[in-house]
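**Student:** So that we are looking at the same thing, I have put the structure below in structure tokens.
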Amino acid sequence: MQIRLKLVFLVMSAAILASIGAASDANPAAQVLAVSPNPAVANQTVSLLGTGFTPATTPGGTGSAGVHRITGTGGSQITVGGSLLTAPNVTYPINFDESGNWATSITIPVNINTVASGPLEIKVVDDIGLTLTTQLTLKSPDITISPASGGRTSSVVITGDGFPASNPATSDDVQINITYGGATVNVLAPNISGEISGTFQVPSTAAIPSTNLVRATVSGYLFSAITAHSVPAAALSVSPESGLPGSIITIFGESFPSSALVTSMRAGNISVLSSPAPVTDAAGRFTSFFVVPLFLPGEESIVVTAGGTTAVTKFTVRDGPVVSQPTPSPDLTTGAAEALTTLTRGDNLVRVWHFDNGSKRWTFFDPRPAFANANTIKVMESGKVYWVQVNKNQSAMLNGKVVEVFQGWNLLPW
């Protein structure tokens, strides 16, 4: 890291010296103080270069061969934002060449004047009192989140810049507190340029729906950046969107509270809640179904409540005779992942085992991507019995019916 900093410093120094060297050729007495990079942030190491300071031909130089310098004592010092710059943010003395030119690296201190945005004055005084100033612009903090909308407990990526830097050259411990609606959801350390990157989870207590402030604040200071994140309203969808009385309607819910029991499901004024009732997964989703009651043709409402949150959708009752449809069941050609979707979608499923009495062999299905090619259970076959391991209790739609599974191992006929 130190070698990298030195290389960066040398490159920036060469660039600035080239620019001010042209001015010196045109006017040897030109006095210039320059800083790079500019803009910058607190705790960042920058290059400071001067030309036209006191030359060695002026008596009183305290350096080797009579050259002048910035001593770091008395009045001969560097100030940043009105504060004297001391070790480890600078190394004194800073020696000039015979013409009064010099270069050094300094680290912008972390204090109330620098943990801010806007102009910052840097002042240099040499050993005979010659004084020059320059202006450094402090960056404004900024953050971006992705996605900008998501349900409770969903993961959000946050990136930002313009914050004080983490710098091994100093002892300043810079931390950025990330809050969501006022609740701390992460603490990040910026990189050497003042950039941050990380993730956080939307609190499980966030209102549904709601818009909430995400704030990144420098610990110990009132210096922050904000943006907004929204929690969408709970929503329902049905498939198919219309049907005759007696037909099967599958209902999908999303953006409900996670791991919440569905306490009410009504089609029109009739309860169509299954027993046992479905439970939402970690993302607030569930799948259920009901038989269309003997309604007159027309539009009917479906109203579902889970975890105190209610959503409404519509479906259409078509004109025609009452039908009798079989309970939905998975196609045997459907892969195990699809047949177990209500468990895998909520990251609840750990593993499935099946023992074949004829071959005396075990086969298994593991939902993790690393096992995609190793799984030996390709489809869930009707009439077979499976050992199913889950992380937590759940009401799941399996093989066309709602099945209650419990934490640990469950022996389930398919």
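How things are named: the first chain in the structure tokens is A, the next is B, and so on; residues count from 1 in each chain; ligands count from 1 in the order shown.
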Find the residues around segment 290-306 of chain A up to 7 Å (only C-alpha atoms counted), leave out those fewer than 6 positions away in its own chain, and share them as a PyMOL selection string.
**Tutor:** chain A and resi 245-250+256+260-268+272+312-319
**Student:** Do you know which residues are at most 12 Å from Met380 of chain A counting only C-alpha atoms, after dropping those on the same chain fewer than 2 positions away, and could you put them as a PyMOL selection string?
**Tutor:** chain A and resi 329-341+352-354+363-365+376-378+382-388+398-399+412-414
**Student:** How would the residues just chosen look if you wrote them out with N, CA and C atoms as a short mmCIF file (atom, residue, chain, number, x, y, z; two decimals), in the first residue's frame?
**Tutor:**
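Output (out.cif):
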```cif
data_model
loop_
_atom_site.label_atom_id
_atom_site.label_comp_id
_atom_site.auth_asym_id
_atom_site.auth_seq_id
_atom_site.Cartn_x
_atom_site.Cartn_y
_atom_site.Cartn_z
N SER A 329 -51.86 -30.83 -9.53
CA SER A 329 -50.74 -31.69 -9.15
C SER A 329 -49.62 -31.48 -10.16
N PRO A 330 -48.40 -31.65 -9.73
CA PRO A 330 -47.28 -31.40 -10.62
C PRO A 330 -47.17 -32.45 -11.71
N ASP A 331 -46.70 -32.03 -12.87
CA ASP A 331 -46.42 -32.94 -13.96
C ASP A 331 -45.17 -33.74 -13.60
N LEU A 332 -45.21 -35.07 -13.85
CA LEU A 332 -44.05 -35.89 -13.51
C LEU A 332 -42.81 -35.51 -14.31
N THR A 333 -42.99 -34.79 -15.39
CA THR A 333 -41.84 -34.35 -16.17
C THR A 333 -41.26 -33.06 -15.62
N THR A 334 -41.92 -32.49 -14.62
CA THR A 334 -41.42 -31.26 -14.00
C THR A 334 -40.30 -31.60 -13.04
N GLY A 335 -39.22 -30.83 -13.08
CA GLY A 335 -38.08 -31.09 -12.22
C GLY A 335 -38.43 -30.94 -10.75
N ALA A 336 -37.57 -31.53 -9.91
CA ALA A 336 -37.80 -31.48 -8.47
C ALA A 336 -37.83 -30.05 -7.96
N ALA A 337 -36.98 -29.17 -8.51
CA ALA A 337 -36.95 -27.78 -8.04
C ALA A 337 -38.29 -27.10 -8.26
N GLU A 338 -38.94 -27.37 -9.41
CA GLU A 338 -40.24 -26.78 -9.67
C GLU A 338 -41.31 -27.38 -8.77
N ALA A 339 -41.25 -28.69 -8.54
CA ALA A 339 -42.25 -29.34 -7.70
C ALA A 339 -42.15 -28.87 -6.25
N LEU A 340 -40.95 -28.46 -5.84
CA LEU A 340 -40.71 -28.03 -4.46
C LEU A 340 -40.58 -26.52 -4.35
N THR A 341 -41.13 -25.79 -5.32
CA THR A 341 -40.86 -24.36 -5.41
C THR A 341 -41.27 -23.58 -4.18
N VAL A 352 -33.67 -33.33 0.24
CA VAL A 352 -34.69 -34.38 0.10
C VAL A 352 -33.97 -35.71 -0.17
N TRP A 353 -34.41 -36.77 0.54
CA TRP A 353 -33.85 -38.11 0.33
C TRP A 353 -34.99 -39.08 -0.02
N HIS A 354 -34.67 -40.07 -0.85
CA HIS A 354 -35.62 -41.16 -1.14
C HIS A 354 -34.85 -42.48 -1.16
N THR A 363 -31.40 -41.89 -3.17
CA THR A 363 -31.24 -40.76 -4.10
C THR A 363 -31.56 -39.48 -3.34
N PHE A 364 -31.07 -38.35 -3.85
CA PHE A 364 -31.24 -37.09 -3.11
C PHE A 364 -31.44 -35.91 -4.05
N PHE A 365 -31.99 -34.84 -3.46
CA PHE A 365 -32.09 -33.54 -4.14
C PHE A 365 -31.65 -32.46 -3.16
N THR A 376 -29.63 -36.65 -7.74
CA THR A 376 -30.10 -37.89 -8.35
C THR A 376 -31.62 -38.01 -8.34
N ILE A 377 -32.31 -37.13 -7.59
CA ILE A 377 -33.77 -37.03 -7.71
C ILE A 377 -34.05 -35.96 -8.76
N LYS A 378 -34.54 -36.40 -9.91
CA LYS A 378 -34.80 -35.46 -10.99
C LYS A 378 -36.24 -34.97 -10.98
N SER A 382 -45.33 -39.40 -8.00
CA SER A 382 -46.50 -39.77 -7.21
C SER A 382 -46.39 -41.21 -6.74
N GLY A 383 -46.80 -41.45 -5.48
CA GLY A 383 -46.77 -42.78 -4.90
C GLY A 383 -45.50 -43.08 -4.13
N LYS A 384 -44.48 -42.24 -4.27
CA LYS A 384 -43.25 -42.46 -3.53
C LYS A 384 -43.27 -41.67 -2.23
N VAL A 385 -42.38 -42.06 -1.31
CA VAL A 385 -42.27 -41.40 -0.02
C VAL A 385 -40.89 -40.77 0.08
N TYR A 386 -40.85 -39.53 0.58
CA TYR A 386 -39.59 -38.77 0.62
C TYR A 386 -39.33 -38.25 2.03
N TRP A 387 -38.05 -38.28 2.39
CA TRP A 387 -37.61 -37.58 3.60
C TRP A 387 -37.24 -36.15 3.18
N VAL A 388 -37.91 -35.16 3.80
CA VAL A 388 -37.71 -33.75 3.44
C VAL A 388 -37.22 -33.00 4.67
N LEU A 398 -47.54 -28.56 -1.90
CA LEU A 398 -46.76 -29.67 -2.43
C LEU A 398 -47.69 -30.66 -3.09
N ASN A 399 -47.40 -30.98 -4.34
CA ASN A 399 -48.19 -31.96 -5.09
C ASN A 399 -49.67 -31.60 -5.12
N LEU A 412 -42.76 -37.58 3.96
CA LEU A 412 -43.92 -37.11 3.20
C LEU A 412 -44.22 -38.05 2.03
N PRO A 413 -45.45 -38.58 1.97
CA PRO A 413 -45.87 -39.32 0.77
C PRO A 413 -46.18 -38.33 -0.35
N TRP A 414 -45.82 -38.67 -1.56
CA TRP A 414 -46.07 -37.77 -2.70
C TRP A 414 -47.28 -38.24 -3.49
#
```
**Student:** What's the 9 Å shell around Ile158 of chain A, counting only C-alpha atoms, without same-chain residues fewer than 3 positions away, as a PyMOL selection string?
**Tutor:** chain A and resi 143-146+196-200
**Student:** List the spatial neighbours of Gly284 of chain A as a list of chain:residue names - criterion: any atom at most 7 Å away, only C-alpha atoms, same-chain residues fewer than 5 positions off excluded.
**Tutor:**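 Counting only C-alpha atoms, the residues come to A:Glu254, A:Ser255, A:Phe256, A:Pro257, A:Ser258, A:Ser259.
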**Student:** Have a look at atom CA of Ile108 of chain A and atom CA of Ile178 of chain A and let me know their distance in Å, one decimal.
**Tutor:**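 Rounded to one decimal, the two atoms are 23.8 Å apart.
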**Student:** DSSP on the backbone: what in segment 43-268 of chain A comes out strand (DSSP E), as an mmCIF file with C-alpha atoms, in the first residue's frame?
**Tutor:**
```cif
data_model
loop_
_atom_site.group_PDB
_atom_site.id
_atom_site.type_symbol
_atom_site.label_atom_id
_atom_site.label_comp_id
_atom_site.auth_asym_id
_atom_site.auth_seq_id
_atom_site.Cartn_x
_atom_site.Cartn_y
_atom_site.Cartn_z
ATOM 1 C CA THR A 45 -3.297 11.828 1.081
ATOM 2 C CA VAL A 46 -2.679 14.547 -1.520
ATOM 3 C CA SER A 47 0.353 16.090 -3.217
ATOM 4 C CA LEU A 48 1.332 19.649 -2.280
ATOM 5 C CA LEU A 49 3.766 21.448 -4.577
ATOM 6 C CA GLY A 50 5.286 24.895 -4.381
ATOM 7 C CA THR A 51 7.357 27.022 -6.726
ATOM 8 C CA ARG A 69 12.427 25.105 4.026
ATOM 9 C CA ILE A 70 9.219 24.716 5.974
ATOM 10 C CA ILE A 78 1.319 24.270 6.967
ATOM 11 C CA THR A 79 -2.252 24.946 8.052
ATOM 12 C CA VAL A 80 -5.337 23.226 6.646
ATOM 13 C CA SER A 83 -5.576 24.085 11.864
ATOM 14 C CA LEU A 84 -1.825 23.472 12.093
ATOM 15 C CA ILE A 94 10.245 20.204 3.967
ATOM 16 C CA ASN A 95 13.394 21.281 2.123
ATOM 17 C CA TRP A 102 9.509 21.855 -3.326
ATOM 18 C CA ALA A 103 7.050 18.950 -3.205
ATOM 19 C CA THR A 104 5.599 16.846 -0.416
ATOM 20 C CA SER A 105 2.593 14.731 0.482
ATOM 21 C CA ILE A 106 0.135 15.638 3.209
ATOM 22 C CA THR A 107 -2.960 13.956 4.609
ATOM 23 C CA GLY A 118 -16.932 22.966 -0.141
ATOM 24 C CA PRO A 119 -13.750 25.099 -0.161
ATOM 25 C CA LEU A 120 -10.874 24.473 2.251
ATOM 26 C CA GLU A 121 -7.860 26.782 2.519
ATOM 27 C CA ILE A 122 -4.324 25.381 2.682
ATOM 28 C CA LYS A 123 -1.667 27.876 3.809
ATOM 29 C CA VAL A 124 2.108 27.441 3.713
ATOM 30 C CA VAL A 125 4.671 29.649 5.501
ATOM 31 C CA THR A 131 3.252 32.837 2.717
ATOM 32 C CA LEU A 132 1.145 31.297 -0.051
ATOM 33 C CA THR A 133 -2.356 29.818 0.016
ATOM 34 C CA THR A 134 -4.353 27.543 -2.239
ATOM 35 C CA GLN A 135 -7.884 26.197 -2.161
ATOM 36 C CA LEU A 136 -8.885 22.550 -1.990
ATOM 37 C CA THR A 137 -12.482 21.577 -2.722
ATOM 38 C CA LEU A 138 -13.914 18.951 -0.381
ATOM 39 C CA ASP A 142 -23.410 10.796 -2.303
ATOM 40 C CA ILE A 143 -25.026 7.347 -2.089
ATOM 41 C CA THR A 144 -26.889 5.056 -4.476
ATOM 42 C CA ILE A 145 -28.938 1.959 -3.623
ATOM 43 C CA SER A 146 -30.098 -0.964 -5.745
ATOM 44 C CA SER A 155 -31.176 -7.277 0.495
ATOM 45 C CA VAL A 156 -30.096 -3.862 -0.807
ATOM 46 C CA VAL A 157 -26.702 -2.898 -2.264
ATOM 47 C CA ILE A 158 -25.400 0.542 -1.271
ATOM 48 C CA THR A 159 -22.493 2.409 -2.877
ATOM 49 C CA GLY A 160 -21.245 5.929 -2.319
ATOM 50 C CA ASP A 161 -18.361 8.376 -2.444
ATOM 51 C CA ILE A 176 -19.937 5.244 8.022
ATOM 52 C CA ASN A 177 -23.198 4.385 9.786
ATOM 53 C CA ILE A 178 -25.980 3.218 7.466
ATOM 54 C CA THR A 179 -29.503 3.760 8.796
ATOM 55 C CA TYR A 180 -32.893 2.831 7.346
ATOM 56 C CA ALA A 183 -32.532 2.194 12.478
ATOM 57 C CA THR A 184 -28.888 1.168 11.997
ATOM 58 C CA VAL A 185 -28.610 -1.562 9.353
ATOM 59 C CA ASN A 186 -24.837 -1.617 8.727
ATOM 60 C CA VAL A 187 -21.531 0.109 9.476
ATOM 61 C CA LEU A 188 -19.087 0.464 6.571
ATOM 62 C CA ILE A 196 -18.132 2.897 0.308
ATOM 63 C CA SER A 197 -19.749 -0.330 -0.839
ATOM 64 C CA GLY A 198 -21.835 -2.886 1.031
ATOM 65 C CA THR A 199 -25.269 -4.371 1.611
ATOM 66 C CA PHE A 200 -28.029 -4.138 4.176
ATOM 67 C CA GLN A 201 -31.382 -5.764 4.853
ATOM 68 C CA SER A 210 -43.805 2.877 2.916
ATOM 69 C CA THR A 211 -41.040 5.151 1.674
ATOM 70 C CA ASN A 212 -38.039 5.353 4.000
ATOM 71 C CA LEU A 213 -34.867 7.436 4.188
ATOM 72 C CA VAL A 214 -31.558 5.622 3.852
ATOM 73 C CA ARG A 215 -28.797 7.723 5.405
ATOM 74 C CA ALA A 216 -25.016 7.256 5.404
ATOM 75 C CA THR A 217 -23.442 9.318 8.210
ATOM 76 C CA VAL A 218 -19.814 9.760 9.233
ATOM 77 C CA SER A 224 -24.231 12.482 5.644
ATOM 78 C CA ALA A 225 -25.830 11.557 2.353
ATOM 79 C CA ILE A 226 -29.417 10.390 1.959
ATOM 80 C CA THR A 227 -31.599 8.612 -0.546
ATOM 81 C CA ALA A 228 -35.011 6.919 -0.451
ATOM 82 C CA HIS A 229 -36.080 3.273 -0.524
ATOM 83 C CA SER A 230 -39.661 2.084 -0.878
ATOM 84 C CA VAL A 231 -41.406 -0.999 0.467
ATOM 85 C CA ALA A 235 -50.084 -7.666 -3.974
ATOM 86 C CA LEU A 236 -52.117 -10.614 -5.237
ATOM 87 C CA SER A 237 -52.376 -12.248 -8.635
ATOM 88 C CA VAL A 238 -54.489 -15.165 -9.819
ATOM 89 C CA SER A 239 -54.211 -17.778 -12.535
ATOM 90 C CA SER A 242 -61.405 -16.078 -14.945
ATOM 91 C CA GLY A 243 -63.247 -19.362 -14.549
ATOM 92 C CA ILE A 248 -59.575 -24.171 -9.550
ATOM 93 C CA ILE A 249 -57.979 -20.737 -9.133
ATOM 94 C CA THR A 250 -54.344 -20.478 -8.012
ATOM 95 C CA ILE A 251 -53.517 -17.355 -6.034
ATOM 96 C CA PHE A 252 -50.051 -15.858 -5.600
ATOM 97 C CA GLY A 253 -49.195 -13.323 -2.895
ATOM 98 C CA GLU A 254 -46.086 -11.156 -2.588
ATOM 99 C CA VAL A 262 -52.496 -16.231 6.152
ATOM 100 C CA THR A 263 -55.379 -15.579 8.533
ATOM 101 C CA SER A 264 -58.076 -14.688 6.014
ATOM 102 C CA MET A 265 -58.727 -15.462 2.350
ATOM 103 C CA ARG A 266 -62.106 -14.504 0.948
ATOM 104 C CA ALA A 267 -63.610 -14.717 -2.510
#
```
